[in-house]
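K.L.:
Would you mind keeping the following structure in view while I ask a few things?
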Amino acid sequence: MNLFPLRAVLVMFVLASVACADFDQEKAKLCNQFPERCGDADGSMGDWTGGALNVTLGYSGFTRGCVTVTATDADNAGNTNSLDVAIPGKTPGTVSVAVFGKKTWGRALSVTTRLREFDCSGPAVGDPQEMKAQVPEEGTLDVAFTVRAIDADGDGYFSSADAEGVVSGTDCNDVDVAVNPKATEVCNGKDDNCTLGESDAIDKKVFFVDADGDTYGSSQVEACTQPAGAVNRGGDCNDGDGQVRPDRTEFRCDGQDDNCNGMNDEDFNVDDDCKDELKCSGKVACASTPSQTSCARLPTENPVAWYVDGDGDGSKGQDVGLGCEAPVVGAVTQSEDCDESSVYVRPELPELCDRLDNNCSNAVDEGCGPLAWTTEADVGGPADVTAIALYDEGRKAWLVGTDKLVHFDSTTNTKTSFTRTSCKGKWKAVWASASGRVFAVGDDGRMTTRGPDPSDQECFTLTAPNSNAQTTLYGITGIEQPMDPTVYVVSNDGRAFKWVEPYRNGGSLTVFGSSVSDNLRAVSSAGSEDTLLAVGGDDNAKAVAYRYDTASSSWQPDLQGGAFDGQLRGVHVTDGRFAYAAGENGLVLKRSGGVWTSLPTAYNSDGTTRADIRDVLAFSEKGVYVATSEGNILFYNGSVWTIAYSGTTLLSSLDGPNPTRIVAGGFGGTVVSVTAPAPPVP
């Protein structure tokens, strides 16, 4: 028994069955439909002999779909063919397929049916059903299949629910006609096409992963709802730094784009022309500190040292630093002075016999012999000279001691003692103005003043406010004024006083600044209150110094903390840059740039005993004198101490207007002096 190929011989009927009486009619219809398959020219069914299979599929639970019927030659699997039979789309029932014989096929067939959803192009669901059948030689043989699937919402897709005897389809929500595999997935909170949830929705929103939590994201992600760790703003160019994000200012100069606008450091003017701290030309560049810039110097710009006239002698030699431009007005790039600490040293000055290299020749006192010191005892009587003050370029002087007030005029070699009661006292310190007025201070808080006129023998004496027998005024200095000078005094109880003319008015003497807790022994200035320095010692015999602060009208600690052993007894402020102080244990200090440092220790003539220094006088960093209790005057040349004058009587005071005129006073009315001779004319 041969069969036609299935695509030609499988015919779908909308009948419950095919009766034998109708079989020939169906053959005629098929021969008319497929004339190339008919053996007779008139279109008879001569090529079809024998019977046929009547394949039926009963269905329920759905009204829309398709069945694929496949017939395969049991003896030759290559002889196979299939036919899709659409479900009628009515109420549940049966569809039928007639399978006719063909001479090239065997009569034993394997018939399978496979259900499809929606239509014949829909997906196959459930397992295929198979039956073996023998095509009869005449008539028909019924081959019946039954299938049950649920399509509750009538959308042509079967429920995916798994139930016994029911084919499971692809409809994940069989009560919603809008949900099925052919539906378009949209963001509505449900899986419209039963695939991947809403991940394949066509209207997903765009979000951005925000790894650094700055509310701006980087990599894009599409979803119906905002995922955890995602934001709705993108554009973050560095999602690992929470400070880097769009819509902010460029806040760091670091070669990076901090606000994600495609530019680096645009708010920092990088590469603009600039001047660095040395006024050298450069380009603005990012500094090592974030948010700051520096001026990167151009390779063609090299700073040089600049010099100014620090000591006021007309020659510039004080280094004021490096720069490509003058750091201060008037600075020059070549040093003109070999000693910027002294007005007595500069090129083209005449060389004097004063232990200084006045003309910057790298030699000292060319053509000079040894300096000759003169010593005189009992000046003004045998009472000790506790202090001496020179004026009129050193030609005149005042000497004081216990009940001793003596005026000395070297131009006439006249010594005048003032012995009235008003002039007597245990005077410890003295200062003389340019006009010759003297001011002396001492025990019991007493101070006195008078002019140089010997015809008036009286002095004006008064007591410092709140003083008593324990109050000793140890230090005094003055500042010249257009009329009479202003005088400043310090005491052993840490107080300071200011005496302003007219001196006969007691109200002109006032407490000056705040008191301190230390014993003040000396005071000096360079001619202004902002250069006032007071020195002394604390309770542990350590050196102390105070600077007067004009802004706060108070004495501020300038040297504290026990850095140096020994009380200071003398101080000399040479100018606003330098000051020198000296005292016990051979201690000599230099103040420069607001910092105190120690000079080499000064020793007595035996070279081992530290000198007990009573006063200090300085004209240069290379010209410092001190007077000692051993009776010597020591000289420091910037490197070592030497003995300038050797004596045996305690020297308590030292003064001099310049390095060619120096005078010291001491016990027994001793006065030691030197007046340097002029060097020989070359």
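Chain identifiers are assigned as A, B, and so on, following the order in which chains appear in the structure tokens; residues are numbered from 1 within each chain, and ligands are numbered from 1 in order of appearance.
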Skip stretch 193-210 of chain A itself and residues of its chain fewer than 4 positions away, then list as a PyMOL selection string all residues within 10 Å of it, counting only C-alpha atoms.
P.N.:
chain A and resi 160+170-173+178-189+214-236+239-240+242
K.L.:
Write the residues you've just listed into a file as a PDB file, in the first residue's frame, and include C-alpha atoms for each of them.
P.N.:
```pdb
ATOM      1  CA  SER A 160       1.473  27.674  32.152  1.00  0.00           C
ATOM      2  CA  THR A 170       3.304  29.677  27.866  1.00  0.00           C
ATOM      3  CA  ASP A 171       0.692  32.033  29.316  1.00  0.00           C
ATOM      4  CA  CYS A 172       2.005  33.024  32.747  1.00  0.00           C
ATOM      5  CA  ASN A 173      -1.196  34.890  33.616  1.00  0.00           C
ATOM      6  CA  ALA A 178      -3.170  41.316  27.764  1.00  0.00           C
ATOM      7  CA  VAL A 179      -0.547  38.957  29.191  1.00  0.00           C
ATOM      8  CA  ASN A 180       0.832  36.372  26.767  1.00  0.00           C
ATOM      9  CA  PRO A 181       4.104  35.598  24.989  1.00  0.00           C
ATOM     10  CA  LYS A 182       3.196  37.783  22.005  1.00  0.00           C
ATOM     11  CA  ALA A 183       2.369  40.797  24.128  1.00  0.00           C
ATOM     12  CA  THR A 184       4.622  43.839  24.111  1.00  0.00           C
ATOM     13  CA  GLU A 185       6.469  44.133  27.425  1.00  0.00           C
ATOM     14  CA  VAL A 186       6.019  47.520  29.065  1.00  0.00           C
ATOM     15  CA  CYS A 187       6.745  48.878  32.513  1.00  0.00           C
ATOM     16  CA  ASN A 188       3.478  48.300  34.331  1.00  0.00           C
ATOM     17  CA  GLY A 189       4.458  46.097  37.235  1.00  0.00           C
ATOM     18  CA  ASP A 214      27.401  61.590  45.235  1.00  0.00           C
ATOM     19  CA  THR A 215      23.929  61.369  43.552  1.00  0.00           C
ATOM     20  CA  TYR A 216      25.516  61.265  40.084  1.00  0.00           C
ATOM     21  CA  GLY A 217      26.103  57.992  38.242  1.00  0.00           C
ATOM     22  CA  SER A 218      28.419  56.723  35.562  1.00  0.00           C
ATOM     23  CA  SER A 219      27.533  53.481  33.767  1.00  0.00           C
ATOM     24  CA  GLN A 220      24.005  53.412  32.345  1.00  0.00           C
ATOM     25  CA  VAL A 221      21.412  50.824  33.352  1.00  0.00           C
ATOM     26  CA  GLU A 222      17.840  50.511  32.011  1.00  0.00           C
ATOM     27  CA  ALA A 223      15.036  49.360  34.304  1.00  0.00           C
ATOM     28  CA  CYS A 224      11.354  49.930  34.993  1.00  0.00           C
ATOM     29  CA  THR A 225      12.069  50.911  38.600  1.00  0.00           C
ATOM     30  CA  GLN A 226      15.129  52.548  40.063  1.00  0.00           C
ATOM     31  CA  PRO A 227      17.653  49.863  41.122  1.00  0.00           C
ATOM     32  CA  ALA A 228      19.453  50.045  44.468  1.00  0.00           C
ATOM     33  CA  GLY A 229      22.653  52.057  44.119  1.00  0.00           C
ATOM     34  CA  ALA A 230      21.425  53.806  40.986  1.00  0.00           C
ATOM     35  CA  VAL A 231      20.348  57.401  40.413  1.00  0.00           C
ATOM     36  CA  ASN A 232      18.537  59.202  37.649  1.00  0.00           C
ATOM     37  CA  ARG A 233      21.434  61.552  36.883  1.00  0.00           C
ATOM     38  CA  GLY A 234      24.505  60.506  34.944  1.00  0.00           C
ATOM     39  CA  GLY A 235      27.671  62.226  33.828  1.00  0.00           C
ATOM     40  CA  ASP A 236      29.929  61.282  36.758  1.00  0.00           C
ATOM     41  CA  ASP A 239      32.495  57.377  40.150  1.00  0.00           C
ATOM     42  CA  GLY A 240      35.130  56.355  42.671  1.00  0.00           C
ATOM     43  CA  GLY A 242      32.394  61.248  45.955  1.00  0.00           C
TER      44      GLY A 242
END
```
K.L.:
Using only C-alpha atoms, determine which residues lie at most 10 Å from A:Val345, disregarding the query and same-chain residues fewer than 3 positions distant; provide the list as a PyMOL selection string.
P.N.:
chain A and resi 311+313+315+337-342+348-352+356-360+619-620
K.L.:
Would you export the selected residues with C-alpha atoms as a tab-separated table (two decimals), in the first residue's frame, please?
P.N.:
```tsv
chain	number	residue	atom	x	y	z
A	311	ASP	CA	72.95	100.09	59.10
A	313	ASP	CA	75.92	104.19	56.50
A	315	SER	CA	76.45	101.47	51.53
A	337	ASP	CA	79.41	96.95	52.43
A	338	CYS	CA	81.56	94.42	54.30
A	339	ASP	CA	79.81	95.00	57.65
A	340	GLU	CA	76.10	95.80	57.66
A	341	SER	CA	75.95	95.85	61.42
A	342	SER	CA	77.97	99.03	61.81
A	348	GLU	CA	85.93	104.40	51.19
A	349	LEU	CA	85.71	105.34	54.86
A	350	PRO	CA	89.02	106.44	56.35
A	351	GLU	CA	90.69	103.81	58.47
A	352	LEU	CA	90.56	104.69	62.17
A	356	LEU	CA	87.36	97.85	63.19
A	357	ASP	CA	88.03	97.41	59.47
A	358	ASN	CA	86.56	100.82	58.68
A	359	ASN	CA	87.45	100.82	54.98
A	360	CYS	CA	86.64	97.15	54.21
A	619	PHE	CA	79.50	99.11	67.66
A	620	SER	CA	79.43	96.13	65.28
```
K.L.:
Could you pull the residues within 8 Å of stretch 365-371 of chain A, counting only C-alpha atoms, minus those fewer than 2 positions along the same chain, as a PyMOL selection string?
P.N.:
chain A and resi 351-357+363+373+674+676-677+679-680
K.L.:
Would you give me, as an NGL selection string, the residues in stretch 45-155 of chain A that DSSP reads as strand (DSSP E)?
P.N.:
:A and (52-60 or 65-73 or 80-86 or 94-100 or 108-117 or 124-134 or 140-148)
K.L.:
Hey, can you spit out that residue selection with C-alpha atoms as an mmCIF file, in the first residue's frame?
P.N.:
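Once everything was written out, this is out.cif:
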```cif
data_model
loop_
_atom_site.group_PDB
_atom_site.id
_atom_site.type_symbol
_atom_site.label_atom_id
_atom_site.label_comp_id
_atom_site.auth_asym_id
_atom_site.auth_seq_id
_atom_site.Cartn_x
_atom_site.Cartn_y
_atom_site.Cartn_z
ATOM 1 C CA ALA A 52 -6.851 5.764 4.477
ATOM 2 C CA LEU A 53 -6.295 6.736 8.058
ATOM 3 C CA ASN A 54 -8.763 9.102 9.615
ATOM 4 C CA VAL A 55 -6.725 10.965 12.268
ATOM 5 C CA THR A 56 -8.862 12.853 14.754
ATOM 6 C CA LEU A 57 -7.859 15.176 17.611
ATOM 7 C CA GLY A 58 -10.346 15.898 20.313
ATOM 8 C CA TYR A 59 -9.635 19.050 22.301
ATOM 9 C CA SER A 60 -11.093 20.890 25.258
ATOM 10 C CA GLY A 65 -4.518 26.932 18.322
ATOM 11 C CA CYS A 66 -3.084 24.454 15.876
ATOM 12 C CA VAL A 67 -2.180 20.776 15.653
ATOM 13 C CA THR A 68 0.785 19.533 13.670
ATOM 14 C CA VAL A 69 0.075 15.992 12.389
ATOM 15 C CA THR A 70 3.101 14.022 11.243
ATOM 16 C CA ALA A 71 3.069 10.640 9.469
ATOM 17 C CA THR A 72 6.268 8.637 9.161
ATOM 18 C CA ASP A 73 6.846 5.409 7.195
ATOM 19 C CA THR A 80 7.789 11.530 6.571
ATOM 20 C CA ASN A 81 5.560 14.519 6.201
ATOM 21 C CA SER A 82 3.594 16.913 8.358
ATOM 22 C CA LEU A 83 0.479 19.024 8.105
ATOM 23 C CA ASP A 84 -0.619 21.896 10.347
ATOM 24 C CA VAL A 85 -4.307 21.800 11.178
ATOM 25 C CA ALA A 86 -5.748 24.987 12.662
ATOM 26 C CA THR A 94 -12.643 17.570 17.156
ATOM 27 C CA VAL A 95 -10.466 18.173 14.083
ATOM 28 C CA SER A 96 -9.720 15.424 11.558
ATOM 29 C CA VAL A 97 -7.030 14.614 9.013
ATOM 30 C CA ALA A 98 -7.333 11.945 6.283
ATOM 31 C CA VAL A 99 -4.186 10.022 5.439
ATOM 32 C CA PHE A 100 -4.354 8.283 2.014
ATOM 33 C CA ALA A 108 2.715 0.755 8.552
ATOM 34 C CA LEU A 109 2.824 4.357 9.766
ATOM 35 C CA SER A 110 3.768 6.233 12.949
ATOM 36 C CA VAL A 111 1.370 9.116 13.456
ATOM 37 C CA THR A 112 2.202 11.925 15.936
ATOM 38 C CA THR A 113 0.333 15.017 16.911
ATOM 39 C CA ARG A 114 1.858 18.175 18.501
ATOM 40 C CA LEU A 115 -0.222 20.991 19.882
ATOM 41 C CA ARG A 116 0.652 24.624 19.132
ATOM 42 C CA GLU A 117 -0.643 27.773 20.764
ATOM 43 C CA ALA A 124 4.670 23.828 20.374
ATOM 44 C CA VAL A 125 3.515 22.946 23.869
ATOM 45 C CA GLY A 126 3.189 19.726 25.759
ATOM 46 C CA ASP A 127 4.672 16.419 24.731
ATOM 47 C CA PRO A 128 3.901 14.976 21.246
ATOM 48 C CA GLN A 129 1.393 12.055 21.112
ATOM 49 C CA GLU A 130 2.244 9.058 18.949
ATOM 50 C CA MET A 131 0.248 6.075 17.631
ATOM 51 C CA LYS A 132 1.188 3.197 15.319
ATOM 52 C CA ALA A 133 -1.363 2.389 12.564
ATOM 53 C CA GLN A 134 -1.706 0.227 9.476
ATOM 54 C CA THR A 140 -10.618 4.134 6.599
ATOM 55 C CA LEU A 141 -9.088 3.434 9.947
ATOM 56 C CA ASP A 142 -9.693 5.891 12.765
ATOM 57 C CA VAL A 143 -6.694 7.075 14.740
ATOM 58 C CA ALA A 144 -7.925 9.213 17.639
ATOM 59 C CA PHE A 145 -5.970 11.635 19.854
ATOM 60 C CA THR A 146 -7.234 13.755 22.773
ATOM 61 C CA VAL A 147 -5.651 16.847 24.303
ATOM 62 C CA ARG A 148 -6.681 19.224 27.102
#
```
K.L.:
Take atom CA of A:Lys542 and atom CA of A:Gly566 and report the distance between them in Å, one decimal.
P.N.:
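Computing the Euclidean distance for atom CA of A:Lys542 and atom CA of A:Gly566 yields 5.0 Å.
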K.L.:
Rounded to one decimal, what separation in Å do you get between atom CA of A:Leu559 and atom CA of A:Gln470?
P.N.:
25.4 Å
K.L.:
Show me, as CSV, the residues of stretch 551-668 of chain A having an atom within 7 Å of stretch 384-394 of chain A, each with the closest atom pair and its distance in Å, using only C-alpha atoms.
P.N.:
```
residue,atom,partner,partner_atom,distance
A:Ser652,CA,A:Thr386,CA,5.6
A:Ser653,CA,A:Ala387,CA,4.9
A:Leu654,CA,A:Ile388,CA,6.8
A:Asp655,CA,A:Ala389,CA,6.1
A:Gly656,CA,A:Gly394,CA,6.3
A:Pro657,CA,A:Glu393,CA,5.7
A:Arg661,CA,A:Gly394,CA,6.4
A:Gly665,CA,A:Val385,CA,5.4
A:Gly666,CA,A:Val385,CA,4.8
A:Phe667,CA,A:Asp384,CA,4.1
A:Gly668,CA,A:Asp384,CA,4.6
```
K.L.:
Suppose we keep N, CA and C atoms; can you now write the selection as a compact mmCIF listing (two decimals), in the first residue's frame?
P.N.:
```txt
# COMPACT_ATOMS: atom_id res chain seq x y z
N SER A 652 82.32 98.86 86.72
CA SER A 652 80.88 98.62 86.83
C SER A 652 80.07 99.20 85.67
N SER A 653 80.68 100.09 84.86
CA SER A 653 79.90 100.76 83.82
C SER A 653 80.78 101.04 82.62
N LEU A 654 80.15 101.06 81.44
CA LEU A 654 80.88 101.23 80.19
C LEU A 654 80.02 102.06 79.25
N ASP A 655 80.62 103.07 78.61
CA ASP A 655 79.86 103.91 77.68
C ASP A 655 80.81 104.49 76.65
N GLY A 656 80.23 104.92 75.54
CA GLY A 656 81.03 105.54 74.49
C GLY A 656 80.16 105.87 73.31
N PRO A 657 80.30 107.07 72.72
CA PRO A 657 79.47 107.47 71.59
C PRO A 657 79.89 106.82 70.28
N ARG A 661 86.04 106.46 71.10
CA ARG A 661 85.97 107.11 72.42
C ARG A 661 85.18 106.20 73.37
N GLY A 665 83.84 103.23 84.23
CA GLY A 665 83.96 103.71 85.60
C GLY A 665 83.88 102.55 86.56
N GLY A 666 84.51 102.69 87.75
CA GLY A 666 84.50 101.59 88.68
C GLY A 666 84.80 102.01 90.09
N PHE A 667 85.25 101.04 90.87
CA PHE A 667 85.49 101.26 92.30
C PHE A 667 86.58 102.31 92.50
N GLY A 668 86.45 103.00 93.67
CA GLY A 668 87.44 104.00 94.04
C GLY A 668 87.45 105.21 93.15
```
K.L.:
Leaving out A:Leu278 and any residue of its chain fewer than 4 positions from it, which residues lie within 7 Å of it when counting only C-alpha atoms, given as a PyMOL selection string?
P.N.:
chain A and resi 303+322-324
K.L.:
Can you tell me, as a PyMOL selection string, what residues are no more than 6 Å from stretch 442-459 of chain A when counting only C-alpha atoms, ignoring any on the same chain fewer than 3 positions away?
P.N.:
chain A and resi 422-423+426-428+436-439+462-464+467-469+471-473
K.L.:
Using C-alpha atoms, can you export the residues from the last selection as a PDB file, in the first residue's frame?
P.N.:
```
ATOM      1  CA  SER A 422      68.840 116.958  96.842  1.00  0.00           C
ATOM      2  CA  CYS A 423      71.573 115.456  94.680  1.00  0.00           C
ATOM      3  CA  LYS A 426      72.656 105.533  96.293  1.00  0.00           C
ATOM      4  CA  TRP A 427      72.657 105.930  92.532  1.00  0.00           C
ATOM      5  CA  LYS A 428      72.863 102.753  90.469  1.00  0.00           C
ATOM      6  CA  GLY A 436      73.762 117.539  79.094  1.00  0.00           C
ATOM      7  CA  ARG A 437      70.775 116.952  81.389  1.00  0.00           C
ATOM      8  CA  VAL A 438      71.468 114.029  83.663  1.00  0.00           C
ATOM      9  CA  PHE A 439      69.052 111.449  85.063  1.00  0.00           C
ATOM     10  CA  LEU A 462      61.417 112.233  93.521  1.00  0.00           C
ATOM     11  CA  THR A 463      60.331 108.686  94.280  1.00  0.00           C
ATOM     12  CA  ALA A 464      58.792 106.279  91.783  1.00  0.00           C
ATOM     13  CA  SER A 467      58.149 102.314  95.870  1.00  0.00           C
ATOM     14  CA  ASN A 468      59.667 101.405  99.242  1.00  0.00           C
ATOM     15  CA  ALA A 469      62.985 100.540 100.829  1.00  0.00           C
ATOM     16  CA  THR A 471      62.659  99.014  95.526  1.00  0.00           C
ATOM     17  CA  THR A 472      65.876  99.535  93.584  1.00  0.00           C
ATOM     18  CA  LEU A 473      65.939 101.260  90.219  1.00  0.00           C
TER      19      LEU A 473
END
```
K.L.:
With only C-alpha atoms as the basis for distance, which of A:Ile643, A:Leu509, A:Val489, A:Leu533 is at the shortest distance from A:Ala440?
P.N.:
A:Val489
K.L.:
Quote the spacing between atom CA of A:Asp309 and atom CA of A:Gln556 in Å to one decimal place.
P.N.:
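So the two atoms, atom CA of A:Asp309 and atom CA of A:Gln556, lie 28.7 Å apart.
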